[in-house]
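Enquirer: Below is one structure. I have some questions about it.
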Amino acid sequence: MSVLTPRISVVIPVYNEAENLADLHRELTASLVSLGQPYEIILVDDGSTDSTLERLLAIEAVDPRVRVLRLRRNFGQTAAFSAGFDHACGEIVITSDGDLQNDPADIPRLVAKLDEGYDMVCGWRKERRDPVSKKIPSWFANRIISAATGVHLHDYGCSLKAMRSEVVKGLRLYGEMHRFIPAVASWMGVTLAEVPVNHRPRTRGRSKYGLGRTVRVLLDLFTVKFLLAYGTRPAHLFGLWGLASGGAGFLILAYLAYIRLFEDTAIAGRPLALLGVLLCVTGLILVATGLLAEILVRIYHESQGKPIYVVKELSPPAVARERERARPGR
Ligand code: UDP
Ligand code: MG
């Protein structure tokens with residue numbers, strides 16, 4: 001490997017963090033130099049309106065290992081991470097916040113853990129230094145996300161993570177899903193480890209998030225859960241509920257028809273009749289939605305050549321055969 005090819009790419013989104021950048025760069029450099037492996041630092045300016053960009057460019061001018069990526073406007077932390085991932089060259093990608101709450105000195109421990117053979121190592125802010133108003137929602141969120149996705153982690157909110165590049169490159173993130181990276185990646189069958197990391201209070205600049213984030217996290221959780229469980233077979237979910245609803249409606253209407261025909265009882269004004277019709281129509285809509293979703297899934301996968309599986313490795317003869325087949329002129 002040439003010295004110019006970084007093994008480690010550190011991706012950090014920054015939004016109005018001007019006062020933190022000099023210390024961030026100093027601490028990152030000290031930590032990464034101590035690792036003794038070629039690295040790059042990708043600082044993504046997420047449409048900052050303070051002097052962040054000028055300071056980033058000043059750092060880039062003196063350090064060739066720093067690359068600044070400037071987004072046109074504030075797209076949010078998830079989009080900023082995605083942009084950094086798209087430009088990362090290293091075989092290991094490290095993510096972190098840029099407000100110095102994560103401690104760059106933890107990076108070597110994450111890399112060492114990853115080198116034990118894991119695909120992703122997540123930081124766990126065991127002693128979190130944030131206001132209680134953040135810690136309480138986060139305590140619930142970690143439990144709910146773990147239970148819903150089946151990927152049990154102590155700390156979904158910690159940005160400090162180390163991942164193999166093949167995992168990162170396969171991620172497609174939307175909304176505020178950077179915190180669901182371990183859950184999303186679990187679809188690929190990644191091996192996960194957790195490492196307790198240092199956490200520090202924010203001393204400069206302001207937090208970019210308020211309580212509204214909790215609601216957005218919950219909504220994103222629905223999406224992640226749905227895609228993980230039914231992303232390639234939506235008709236199973238919609239179909240099941242559709243059949244249950246339609247079946248219940250059918251039974252109700254059959255009962256009403258029976259008493260009308262054979263017991264000569266009036267049924268016109270009965271709420272049960274309304275319920276039966278409602279359940280039947282709902283069932284029909286759910287089944288139809290499932291079928292439409294199946295078509296969408298097929299368009300999504302087949303139009304982009306996306307398989308519904310992920311191969312870990314091919315045997316050497318299979319690799320040779322694939323190369324042979326891909327040779328131009330064949
Ligand atoms: N951030 C960003 N874009 C945004 C919001 C935040 O790039 O729209 C960055 C921010 O600069 C910081 C990191 O994301 O580096 C975490 O943000 P913050 O510290 O405000 O989150 P908190 O620690 O309060 O959860
Ligand atoms: Mg912070």
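Ligands are numbered from 1 in the order shown, chains are lettered A, B, ... in the order of the structure tokens, and residues start at 1 in each chain.
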With a cut-off of 8 Å, could you pull out the residues of chain A touching ligand 2 and give me the nearest pair of atoms for each, distance in Å to one decimal, using only C-alpha atoms and all ligand atoms, ordered by chain and ascending number, as a tab-separated table?

Expert:
residue	atom	partner	partner_atom_place_in_ligand_line	distance
A:Asp97	CA	ligand 2	1 (Mg)	6.5
A:Gly98	CA	ligand 2	1 (Mg)	7.6
A:Asp99	CA	ligand 2	1 (Mg)	5.5
A:Leu100	CA	ligand 2	1 (Mg)	7.4
A:Gln101	CA	ligand 2	1 (Mg)	5.5
A:Asn102	CA	ligand 2	1 (Mg)	7.9
A:Pro201	CA	ligand 2	1 (Mg)	7.9
A:Arg202	CA	ligand 2	1 (Mg)	6.2
A:Ser207	CA	ligand 2	1 (Mg)	5.7
A:Lys208	CA	ligand 2	1 (Mg)	7.8

Enquirer: Could you take the residues named above and write them with all heavy atoms, as a short mmCIF file (atom, residue, chain, number, x, y, z; two decimals), in the first residue's frame?

Expert:
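Listing of selection-v2.cif after writing:
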data_model
loop_
_atom_site.label_atom_id
_atom_site.label_comp_id
_atom_site.auth_asym_id
_atom_site.auth_seq_id
_atom_site.Cartn_x
_atom_site.Cartn_y
_atom_site.Cartn_z
N ASP A 97 -18.54 13.09 16.22
CA ASP A 97 -19.08 14.44 16.23
C ASP A 97 -17.91 15.42 16.15
O ASP A 97 -16.78 15.05 16.47
CB ASP A 97 -19.85 14.70 17.53
CG ASP A 97 -21.25 14.08 17.48
OD1 ASP A 97 -21.66 13.66 16.39
OD2 ASP A 97 -21.91 14.03 18.54
N GLY A 98 -18.19 16.65 15.76
CA GLY A 98 -17.12 17.62 15.62
C GLY A 98 -17.11 18.66 16.72
O GLY A 98 -16.48 19.70 16.59
N ASP A 99 -17.85 18.39 17.82
CA ASP A 99 -17.94 19.41 18.87
C ASP A 99 -17.07 19.07 20.06
O ASP A 99 -17.20 19.66 21.12
CB ASP A 99 -19.41 19.54 19.32
CG ASP A 99 -19.98 18.22 19.80
OD1 ASP A 99 -19.29 17.19 19.69
OD2 ASP A 99 -21.13 18.21 20.29
N LEU A 100 -16.18 18.10 19.89
CA LEU A 100 -15.23 17.65 20.92
C LEU A 100 -15.90 16.90 22.08
O LEU A 100 -15.26 16.66 23.09
CB LEU A 100 -14.39 18.82 21.45
CG LEU A 100 -13.34 19.30 20.45
CD1 LEU A 100 -12.74 20.62 20.91
CD2 LEU A 100 -12.23 18.27 20.29
N GLN A 101 -17.19 16.58 21.93
CA GLN A 101 -17.81 15.76 23.00
C GLN A 101 -17.26 14.34 22.92
O GLN A 101 -17.04 13.70 23.94
CB GLN A 101 -19.34 15.78 22.87
CG GLN A 101 -19.93 17.13 23.22
CD GLN A 101 -21.39 17.04 23.61
OE1 GLN A 101 -22.27 17.32 22.81
NE2 GLN A 101 -21.68 16.63 24.84
N ASN A 102 -17.05 13.84 21.70
CA ASN A 102 -16.33 12.57 21.53
C ASN A 102 -14.84 12.86 21.67
O ASN A 102 -14.38 13.92 21.27
CB ASN A 102 -16.59 11.97 20.14
CG ASN A 102 -18.02 11.51 19.97
OD1 ASN A 102 -18.64 11.78 18.94
ND2 ASN A 102 -18.57 10.84 20.96
N PRO A 201 -18.45 17.18 28.24
CA PRO A 201 -19.52 18.17 28.04
C PRO A 201 -19.15 19.11 26.89
O PRO A 201 -17.97 19.29 26.60
CB PRO A 201 -19.56 18.94 29.37
CG PRO A 201 -18.35 18.56 30.12
CD PRO A 201 -17.74 17.35 29.50
N ARG A 202 -20.15 19.67 26.25
CA ARG A 202 -19.88 20.65 25.20
C ARG A 202 -19.43 21.94 25.87
O ARG A 202 -20.12 22.45 26.76
CB ARG A 202 -21.16 20.90 24.39
CG ARG A 202 -20.93 21.61 23.09
CD ARG A 202 -22.27 21.98 22.49
NE ARG A 202 -22.56 21.24 21.26
CZ ARG A 202 -22.08 21.59 20.07
NH1 ARG A 202 -21.27 22.62 19.95
NH2 ARG A 202 -22.42 20.91 19.01
N SER A 207 -25.58 23.11 21.07
CA SER A 207 -26.16 21.86 20.55
C SER A 207 -27.15 22.20 19.45
O SER A 207 -27.86 23.20 19.52
CB SER A 207 -26.87 21.11 21.67
OG SER A 207 -27.61 20.05 21.11
N LYS A 208 -27.21 21.35 18.43
CA LYS A 208 -28.07 21.63 17.29
C LYS A 208 -29.43 20.95 17.42
O LYS A 208 -30.25 21.04 16.53
CB LYS A 208 -27.41 21.17 15.99
CG LYS A 208 -25.96 21.61 15.83
CD LYS A 208 -25.82 23.13 15.81
CE LYS A 208 -24.40 23.63 15.68
NZ LYS A 208 -23.47 23.23 16.71
#

Enquirer: Residues within 7 Å of ligand 1 should be enumerated using only C-alpha atoms and all ligand atoms and returned as an MDAnalysis selection string.

Expert: chainID A and resid 12:17 45:46 74:77 80 97:99 101 206:209

Enquirer: What's around Ile92 in chain A at 8 Å? Count only C-alpha atoms, leave out sequence neighbours fewer than 3 positions away in its own chain, and write the answer as a JSON list (two decimals) with N, CA and C atoms, in the first residue's frame.

Expert:
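New file selection26.json:
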[["chain", "number", "residue", "atom", "x", "y", "z"],
["A", 7, "ARG", "N", -5.33, 4.33, 5.11],
["A", 7, "ARG", "CA", -6.03, 3.13, 5.57],
["A", 7, "ARG", "C", -7.26, 3.55, 6.37],
["A", 8, "ILE", "N", -7.11, 4.72, 7.02],
["A", 8, "ILE", "CA", -8.20, 5.18, 7.89],
["A", 8, "ILE", "C", -8.76, 6.50, 7.37],
["A", 9, "SER", "N", -10.08, 6.55, 7.22],
["A", 9, "SER", "CA", -10.74, 7.81, 6.86],
["A", 9, "SER", "C", -11.61, 8.23, 8.04],
["A", 162, "ALA", "N", -16.25, 2.90, 14.43],
["A", 162, "ALA", "CA", -15.29, 2.49, 13.41],
["A", 162, "ALA", "C", -15.97, 1.40, 12.58],
["A", 163, "MET", "N", -15.84, 1.51, 11.25],
["A", 163, "MET", "CA", -16.52, 0.55, 10.38],
["A", 163, "MET", "C", -15.63, 0.18, 9.21],
["A", 164, "ARG", "N", -15.84, -1.00, 8.70],
["A", 164, "ARG", "CA", -15.13, -1.37, 7.46],
["A", 164, "ARG", "C", -15.78, -0.64, 6.29],
["A", 165, "SER", "N", -14.94, -0.30, 5.32],
["A", 165, "SER", "CA", -15.47, 0.53, 4.24],
["A", 165, "SER", "C", -16.55, -0.19, 3.43]]

Enquirer: Excluding same-chain residues fewer than 4 positions from Gly170 in chain A, what lies within 10 Å of it counting only C-alpha atoms, as JSON, numbers by chain?

Expert: {"A": [85, 165, 166, 184, 185, 188, 310]}

Enquirer: Could you give me the residues within range 69-170 of chain A that DSSP places in strand (DSSP E or B), as an MDAnalysis selection string?

Expert: chainID A and resid 69:70 92:95 102 120:125 161:164

Enquirer: What would the file look like if the residues just selected were written as a CSV table (one decimal), in the first residue's frame with C-alpha atoms?

Expert:
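What follows is the written file result_34.csv:
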chain,number,residue,atom,x,y,z
A,69,LEU,CA,-16.2,18.9,1.8
A,70,ARG,CA,-18.6,21.8,1.6
A,92,ILE,CA,-11.6,1.7,7.8
A,93,VAL,CA,-14.1,4.6,8.2
A,94,ILE,CA,-14.3,6.4,11.6
A,95,THR,CA,-17.2,8.7,12.4
A,102,ASN,CA,-16.3,12.6,21.5
A,120,MET,CA,-18.3,-2.3,13.1
A,121,VAL,CA,-17.3,-1.1,16.5
A,122,CYS,CA,-19.6,1.3,18.2
A,123,GLY,CA,-18.7,3.7,21.0
A,124,TRP,CA,-20.7,3.5,24.2
A,125,ARG,CA,-20.8,6.8,26.2
A,161,LYS,CA,-17.7,4.5,15.5
A,162,ALA,CA,-15.3,2.5,13.4
A,163,MET,CA,-16.5,0.5,10.4
A,164,ARG,CA,-15.1,-1.4,7.5

Enquirer: List every residue of range 24-159 of chain A that DSSP, applied to the backbone of this structure, assigns to helix (DSSP H, G or I), and report them as an mmCIF file with N, CA, C and O atoms, in the first residue's frame.

Expert:
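Listed below is the output, result24.cif:
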data_model
loop_
_atom_site.group_PDB
_atom_site.id
_atom_site.type_symbol
_atom_site.label_atom_id
_atom_site.label_comp_id
_atom_site.auth_asym_id
_atom_site.auth_seq_id
_atom_site.Cartn_x
_atom_site.Cartn_y
_atom_site.Cartn_z
ATOM 1 N N LEU A 24 -10.120 20.385 17.706
ATOM 2 C CA LEU A 24 -10.519 19.117 17.083
ATOM 3 C C LEU A 24 -9.381 18.592 16.204
ATOM 4 O O LEU A 24 -8.981 17.427 16.302
ATOM 5 N N HIS A 25 -8.848 19.461 15.374
ATOM 6 C CA HIS A 25 -7.773 19.060 14.469
ATOM 7 C C HIS A 25 -6.532 18.630 15.257
ATOM 8 O O HIS A 25 -5.917 17.602 14.959
ATOM 9 N N ARG A 26 -6.212 19.383 16.304
ATOM 10 C CA ARG A 26 -5.019 19.054 17.111
ATOM 11 C C ARG A 26 -5.194 17.683 17.783
ATOM 12 O O ARG A 26 -4.324 16.810 17.709
ATOM 13 N N GLU A 27 -6.336 17.470 18.402
ATOM 14 C CA GLU A 27 -6.552 16.202 19.125
ATOM 15 C C GLU A 27 -6.626 15.019 18.162
ATOM 16 O O GLU A 27 -6.107 13.943 18.440
ATOM 17 N N LEU A 28 -7.300 15.243 17.034
ATOM 18 C CA LEU A 28 -7.402 14.158 16.036
ATOM 19 C C LEU A 28 -6.015 13.769 15.533
ATOM 20 O O LEU A 28 -5.673 12.584 15.442
ATOM 21 N N THR A 29 -5.215 14.799 15.198
ATOM 22 C CA THR A 29 -3.889 14.531 14.660
ATOM 23 C C THR A 29 -3.050 13.760 15.675
ATOM 24 O O THR A 29 -2.401 12.759 15.329
ATOM 25 N N ALA A 30 -3.079 14.201 16.946
ATOM 26 C CA ALA A 30 -2.275 13.521 17.970
ATOM 27 C C ALA A 30 -2.679 12.050 18.044
ATOM 28 O O ALA A 30 -1.837 11.142 18.072
ATOM 29 N N SER A 31 -3.974 11.805 18.048
ATOM 30 C CA SER A 31 -4.457 10.437 18.195
ATOM 31 C C SER A 31 -4.118 9.581 16.970
ATOM 32 O O SER A 31 -3.661 8.437 17.096
ATOM 33 N N LEU A 32 -4.325 10.149 15.778
ATOM 34 C CA LEU A 32 -4.118 9.360 14.553
ATOM 35 C C LEU A 32 -2.631 9.129 14.281
ATOM 36 O O LEU A 32 -2.238 8.058 13.802
ATOM 37 N N VAL A 33 -1.799 10.113 14.619
ATOM 38 C CA VAL A 33 -0.359 9.926 14.434
ATOM 39 C C VAL A 33 0.118 8.802 15.365
ATOM 40 O O VAL A 33 0.929 7.958 14.979
ATOM 41 N N SER A 34 -0.440 8.761 16.581
ATOM 42 C CA SER A 34 -0.013 7.724 17.527
ATOM 43 C C SER A 34 -0.372 6.329 17.005
ATOM 44 O O SER A 34 0.241 5.331 17.377
ATOM 45 N N LEU A 35 -1.379 6.251 16.144
ATOM 46 C CA LEU A 35 -1.771 4.951 15.575
ATOM 47 C C LEU A 35 -0.735 4.447 14.572
ATOM 48 O O LEU A 35 -0.570 3.243 14.369
ATOM 49 N N THR A 52 -16.955 28.775 10.299
ATOM 50 C CA THR A 52 -16.479 27.390 10.200
ATOM 51 C C THR A 52 -15.717 27.126 8.899
ATOM 52 O O THR A 52 -14.613 26.574 8.924
ATOM 53 N N LEU A 53 -16.295 27.545 7.779
ATOM 54 C CA LEU A 53 -15.673 27.215 6.485
ATOM 55 C C LEU A 53 -14.270 27.822 6.372
ATOM 56 O O LEU A 53 -13.321 27.126 6.002
ATOM 57 N N GLU A 54 -14.118 29.104 6.724
ATOM 58 C CA GLU A 54 -12.796 29.733 6.622
ATOM 59 C C GLU A 54 -11.789 28.973 7.476
ATOM 60 O O GLU A 54 -10.666 28.706 7.063
ATOM 61 N N ARG A 55 -12.225 28.601 8.681
ATOM 62 C CA ARG A 55 -11.277 27.894 9.569
ATOM 63 C C ARG A 55 -10.949 26.512 9.030
ATOM 64 O O ARG A 55 -9.827 26.036 9.139
ATOM 65 N N LEU A 56 -11.941 25.866 8.436
ATOM 66 C CA LEU A 56 -11.684 24.544 7.844
ATOM 67 C C LEU A 56 -10.658 24.668 6.719
ATOM 68 O O LEU A 56 -9.719 23.879 6.620
ATOM 69 N N LEU A 57 -10.847 25.685 5.878
ATOM 70 C CA LEU A 57 -9.933 25.856 4.743
ATOM 71 C C LEU A 57 -8.523 26.185 5.233
ATOM 72 O O LEU A 57 -7.529 25.739 4.642
ATOM 73 N N ALA A 58 -8.436 26.941 6.331
ATOM 74 C CA ALA A 58 -7.113 27.262 6.886
ATOM 75 C C ALA A 58 -6.433 25.984 7.368
ATOM 76 O O ALA A 58 -5.225 25.793 7.176
ATOM 77 N N ILE A 59 -7.214 25.083 7.973
ATOM 78 C CA ILE A 59 -6.635 23.811 8.455
ATOM 79 C C ILE A 59 -6.211 22.959 7.262
ATOM 80 O O ILE A 59 -5.125 22.385 7.233
ATOM 81 N N GLU A 60 -7.069 22.915 6.234
ATOM 82 C CA GLU A 60 -6.760 22.119 5.044
ATOM 83 C C GLU A 60 -5.477 22.622 4.369
ATOM 84 O O GLU A 60 -4.685 21.827 3.837
ATOM 85 N N ALA A 61 -5.273 23.939 4.439
ATOM 86 C CA ALA A 61 -4.107 24.524 3.767
ATOM 87 C C ALA A 61 -2.796 24.084 4.423
ATOM 88 O O ALA A 61 -1.770 23.995 3.758
ATOM 89 N N VAL A 62 -2.837 23.806 5.735
ATOM 90 C CA VAL A 62 -1.576 23.441 6.405
ATOM 91 C C VAL A 62 -1.440 21.933 6.606
ATOM 92 O O VAL A 62 -0.369 21.453 6.971
ATOM 93 N N GLN A 77 -27.113 16.229 9.778
ATOM 94 C CA GLN A 77 -25.956 15.388 10.126
ATOM 95 C C GLN A 77 -25.900 14.097 9.311
ATOM 96 O O GLN A 77 -24.829 13.672 8.882
ATOM 97 N N THR A 78 -27.080 13.474 9.069
ATOM 98 C CA THR A 78 -27.087 12.206 8.334
ATOM 99 C C THR A 78 -26.564 12.399 6.911
ATOM 100 O O THR A 78 -25.714 11.636 6.440
ATOM 101 N N ALA A 79 -27.058 13.462 6.238
ATOM 102 C CA ALA A 79 -26.610 13.731 4.874
ATOM 103 C C ALA A 79 -25.118 14.054 4.865
ATOM 104 O O ALA A 79 -24.384 13.627 3.966
ATOM 105 N N ALA A 80 -24.658 14.791 5.893
ATOM 106 C CA ALA A 80 -23.237 15.149 5.948
ATOM 107 C C ALA A 80 -22.378 13.890 6.101
ATOM 108 O O ALA A 80 -21.333 13.751 5.465
ATOM 109 N N PHE A 81 -22.836 12.951 6.940
ATOM 110 C CA PHE A 81 -22.103 11.672 7.067
ATOM 111 C C PHE A 81 -22.073 10.956 5.712
ATOM 112 O O PHE A 81 -21.032 10.477 5.276
ATOM 113 N N SER A 82 -23.234 10.905 5.050
ATOM 114 C CA SER A 82 -23.315 10.223 3.744
ATOM 115 C C SER A 82 -22.327 10.817 2.758
ATOM 116 O O SER A 82 -21.645 10.092 2.031
ATOM 117 N N ALA A 83 -22.277 12.158 2.714
ATOM 118 C CA ALA A 83 -21.358 12.829 1.788
ATOM 119 C C ALA A 83 -19.925 12.419 2.111
ATOM 120 O O ALA A 83 -19.137 12.104 1.212
ATOM 121 N N GLY A 84 -19.587 12.405 3.395
ATOM 122 C CA GLY A 84 -18.233 12.005 3.800
ATOM 123 C C GLY A 84 -17.945 10.560 3.412
ATOM 124 O O GLY A 84 -16.864 10.243 2.908
ATOM 125 N N PHE A 85 -18.931 9.670 3.592
ATOM 126 C CA PHE A 85 -18.740 8.251 3.239
ATOM 127 C C PHE A 85 -18.445 8.111 1.744
ATOM 128 O O PHE A 85 -17.599 7.337 1.336
ATOM 129 N N ASP A 86 -19.199 8.886 0.943
ATOM 130 C CA ASP A 86 -19.019 8.781 -0.511
ATOM 131 C C ASP A 86 -17.608 9.179 -0.930
ATOM 132 O O ASP A 86 -17.129 8.762 -1.976
ATOM 133 N N HIS A 87 -16.964 10.024 -0.138
ATOM 134 C CA HIS A 87 -15.637 10.515 -0.533
ATOM 135 C C HIS A 87 -14.508 9.833 0.232
ATOM 136 O O HIS A 87 -13.343 10.165 0.038
ATOM 137 N N PRO A 104 -11.134 12.143 20.544
ATOM 138 C CA PRO A 104 -10.353 11.482 19.488
ATOM 139 C C PRO A 104 -9.352 10.463 20.042
ATOM 140 O O PRO A 104 -8.951 9.542 19.323
ATOM 141 N N ALA A 105 -8.979 10.613 21.314
ATOM 142 C CA ALA A 105 -8.002 9.675 21.901
ATOM 143 C C ALA A 105 -8.554 8.251 21.945
ATOM 144 O O ALA A 105 -7.796 7.288 22.138
ATOM 145 N N ASP A 106 -9.860 8.088 21.780
ATOM 146 C CA ASP A 106 -10.458 6.732 21.798
ATOM 147 C C ASP A 106 -10.292 6.002 20.475
ATOM 148 O O ASP A 106 -10.526 4.793 20.392
ATOM 149 N N ILE A 107 -9.919 6.728 19.423
ATOM 150 C CA ILE A 107 -9.884 6.115 18.081
ATOM 151 C C ILE A 107 -8.985 4.873 18.003
ATOM 152 O O ILE A 107 -9.403 3.840 17.471
ATOM 153 N N PRO A 108 -7.752 4.917 18.553
ATOM 154 C CA PRO A 108 -6.905 3.720 18.452
ATOM 155 C C PRO A 108 -7.550 2.471 19.060
ATOM 156 O O PRO A 108 -7.413 1.368 18.524
ATOM 157 N N ARG A 109 -8.321 2.642 20.147
ATOM 158 C CA ARG A 109 -8.974 1.466 20.760
ATOM 159 C C ARG A 109 -10.066 0.917 19.846
ATOM 160 O O ARG A 109 -10.274 -0.288 19.749
ATOM 161 N N LEU A 110 -10.780 1.811 19.174
ATOM 162 C CA LEU A 110 -11.816 1.350 18.238
ATOM 163 C C LEU A 110 -11.176 0.582 17.080
ATOM 164 O O LEU A 110 -11.666 -0.476 16.673
ATOM 165 N N VAL A 111 -10.072 1.130 16.562
ATOM 166 C CA VAL A 111 -9.413 0.483 15.429
ATOM 167 C C VAL A 111 -8.865 -0.887 15.860
ATOM 168 O O VAL A 111 -8.990 -1.879 15.122
ATOM 169 N N ALA A 112 -8.286 -0.943 17.080
ATOM 170 C CA ALA A 112 -7.736 -2.221 17.563
ATOM 171 C C ALA A 112 -8.852 -3.263 17.650
ATOM 172 O O ALA A 112 -8.682 -4.431 17.268
ATOM 173 N N LYS A 113 -10.020 -2.831 18.122
ATOM 174 C CA LYS A 113 -11.148 -3.765 18.241
ATOM 175 C C LYS A 113 -11.602 -4.231 16.852
ATOM 176 O O LYS A 113 -11.866 -5.415 16.634
ATOM 177 N N LEU A 114 -11.657 -3.278 15.916
ATOM 178 C CA LEU A 114 -12.064 -3.622 14.552
ATOM 179 C C LEU A 114 -11.081 -4.631 13.958
ATOM 180 O O LEU A 114 -11.475 -5.579 13.274
ATOM 181 N N VAL A 132 -29.732 16.207 31.658
ATOM 182 C CA VAL A 132 -30.693 15.122 31.879
ATOM 183 C C VAL A 132 -31.759 15.116 30.789
ATOM 184 O O VAL A 132 -32.256 14.062 30.388
ATOM 185 N N SER A 133 -32.099 16.316 30.268
ATOM 186 C CA SER A 133 -33.137 16.408 29.238
ATOM 187 C C SER A 133 -32.732 15.638 27.983
ATOM 188 O O SER A 133 -33.562 15.313 27.150
ATOM 189 N N LYS A 134 -31.443 15.343 27.821
ATOM 190 C CA LYS A 134 -31.012 14.531 26.687
ATOM 191 C C LYS A 134 -30.865 13.078 27.097
ATOM 192 O O LYS A 134 -31.111 12.167 26.312
ATOM 193 N N LYS A 135 -30.431 12.885 28.355
ATOM 194 C CA LYS A 135 -30.119 11.506 28.775
ATOM 195 C C LYS A 135 -31.381 10.651 28.914
ATOM 196 O O LYS A 135 -31.380 9.476 28.580
ATOM 197 N N ILE A 136 -32.471 11.259 29.405
ATOM 198 C CA ILE A 136 -33.680 10.453 29.636
ATOM 199 C C ILE A 136 -34.298 9.954 28.321
ATOM 200 O O ILE A 136 -34.477 8.741 28.149
ATOM 201 N N PRO A 137 -34.588 10.863 27.346
ATOM 202 C CA PRO A 137 -35.127 10.333 26.072
ATOM 203 C C PRO A 137 -34.188 9.323 25.446
ATOM 204 O O PRO A 137 -34.624 8.325 24.861
ATOM 205 N N SER A 138 -32.892 9.557 25.594
ATOM 206 C CA SER A 138 -31.925 8.666 24.965
ATOM 207 C C SER A 138 -31.935 7.279 25.640
ATOM 208 O O SER A 138 -31.781 6.253 24.981
ATOM 209 N N TRP A 139 -32.163 7.252 26.959
ATOM 210 C CA TRP A 139 -32.242 5.980 27.693
ATOM 211 C C TRP A 139 -33.398 5.139 27.134
ATOM 212 O O TRP A 139 -33.240 3.955 26.845
ATOM 213 N N PHE A 140 -34.555 5.812 26.944
ATOM 214 C CA PHE A 140 -35.707 5.087 26.387
ATOM 215 C C PHE A 140 -35.430 4.682 24.943
ATOM 216 O O PHE A 140 -35.704 3.558 24.538
ATOM 217 N N ALA A 141 -34.880 5.639 24.180
ATOM 218 C CA ALA A 141 -34.642 5.367 22.753
ATOM 219 C C ALA A 141 -33.750 4.140 22.582
ATOM 220 O O ALA A 141 -34.023 3.271 21.748
ATOM 221 N N ASN A 142 -32.691 4.041 23.371
ATOM 222 C CA ASN A 142 -31.777 2.905 23.218
ATOM 223 C C ASN A 142 -32.483 1.577 23.464
ATOM 224 O O ASN A 142 -32.241 0.590 22.768
ATOM 225 N N ARG A 143 -33.369 1.572 24.447
ATOM 226 C CA ARG A 143 -34.078 0.321 24.740
ATOM 227 C C ARG A 143 -35.103 -0.010 23.654
ATOM 228 O O ARG A 143 -35.228 -1.152 23.215
ATOM 229 N N ILE A 144 -35.826 1.017 23.229
ATOM 230 C CA ILE A 144 -36.862 0.782 22.207
ATOM 231 C C ILE A 144 -36.213 0.341 20.894
ATOM 232 O O ILE A 144 -36.649 -0.628 20.262
ATOM 233 N N ILE A 145 -35.134 1.033 20.499
ATOM 234 C CA ILE A 145 -34.491 0.688 19.222
ATOM 235 C C ILE A 145 -33.907 -0.726 19.311
ATOM 236 O O ILE A 145 -34.038 -1.525 18.378
ATOM 237 N N SER A 146 -33.272 -1.048 20.436
ATOM 238 C CA SER A 146 -32.685 -2.382 20.593
ATOM 239 C C SER A 146 -33.767 -3.455 20.485
ATOM 240 O O SER A 146 -33.611 -4.455 19.779
ATOM 241 N N ALA A 147 -34.889 -3.230 21.205
ATOM 242 C CA ALA A 147 -35.954 -4.239 21.197
ATOM 243 C C ALA A 147 -36.571 -4.354 19.796
ATOM 244 O O ALA A 147 -36.836 -5.456 19.307
ATOM 245 N N ALA A 148 -36.787 -3.213 19.148
ATOM 246 C CA ALA A 148 -37.487 -3.239 17.858
ATOM 247 C C ALA A 148 -36.632 -3.834 16.752
ATOM 248 O O ALA A 148 -37.129 -4.551 15.889
ATOM 249 N N THR A 149 -35.342 -3.518 16.764
ATOM 250 C CA THR A 149 -34.505 -3.969 15.647
ATOM 251 C C THR A 149 -33.804 -5.290 15.936
ATOM 252 O O THR A 149 -33.272 -5.921 15.019
#

Enquirer: Excluding same-chain residues fewer than 6 positions from Tyr230 in chain A, what lies within 12 Å of it counting only C-alpha atoms, as a ChimeraX atom specification?

Expert: /A:187,222-224,236-240,290,293-294,297,308

Enquirer: How about saving the chosen residues, C-alpha atoms kept, as a PDB file, in the first residue's frame?

Expert:
ATOM      1  CA  TRP A 187     -29.226  -6.434   7.315  1.00  0.00           C
ATOM      2  CA  PHE A 222     -40.734   2.716  12.077  1.00  0.00           C
ATOM      3  CA  THR A 223     -39.048   2.992   8.702  1.00  0.00           C
ATOM      4  CA  VAL A 224     -35.953   1.056   9.751  1.00  0.00           C
ATOM      5  CA  HIS A 236     -46.391 -10.451   3.821  1.00  0.00           C
ATOM      6  CA  LEU A 237     -47.033  -7.603   6.251  1.00  0.00           C
ATOM      7  CA  PHE A 238     -49.851  -5.843   4.405  1.00  0.00           C
ATOM      8  CA  GLY A 239     -51.315  -9.131   3.225  1.00  0.00           C
ATOM      9  CA  LEU A 240     -51.490 -10.573   6.741  1.00  0.00           C
ATOM     10  CA  GLY A 290     -49.094  -4.922  -0.314  1.00  0.00           C
ATOM     11  CA  ALA A 293     -45.408  -2.334  -2.516  1.00  0.00           C
ATOM     12  CA  GLU A 294     -44.187  -5.645  -3.991  1.00  0.00           C
ATOM     13  CA  VAL A 297     -39.637  -3.377  -4.272  1.00  0.00           C
ATOM     14  CA  ILE A 308     -31.581  -9.014  -2.152  1.00  0.00           C
TER      15      ILE A 308
END

Enquirer: What separation in Å, quoted to one decimal, exists between CA of Arg172 in chain A and CA of Arg73 in chain A?

Expert: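 Atom-to-atom, CA of Arg172 in chain A and CA of Arg73 in chain A are spaced 20.0 Å apart.
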
Enquirer: So that I can check the surroundings of Arg179 in chain A, please list as a PyMOL selection string every protein, DNA and RNA residue that reaches within 8 Å of it, counting only C-alpha atoms and ignoring chain neighbours fewer than 5 positions away.

Expert: chain A and resi 156-159

Enquirer: Next, write the just-selected residues to a file, as a compact mmCIF listing (two decimals), in the first residue's frame, keeping C-alpha atoms as the atom set.

Expert:
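New file again24.txt:
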# COMPACT_ATOMS: atom_id res chain seq x y z
CA TYR A 156 -27.32 4.26 19.60
CA GLY A 157 -26.68 8.00 19.86
CA CYS A 158 -22.87 7.84 19.99
CA SER A 159 -21.36 9.08 16.73

Enquirer: Fewer than 4 positions away in the same chain doesn't count, so skip those; otherwise give me all residues within 12 Å of Ile267 in chain A, counting only C-alpha atoms, as a ChimeraX atom specification.

Expert: /A:252-261,263,271-274,276

Enquirer: Of the candidates A:Pro38, A:Gly90, A:Gly210, A:Gly117, which shows the shortest atom-to-atom distance to Lys169 in chain A, using only C-alpha atoms?

Expert: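 Nearest to Lys169 in chain A: A:Gly90.
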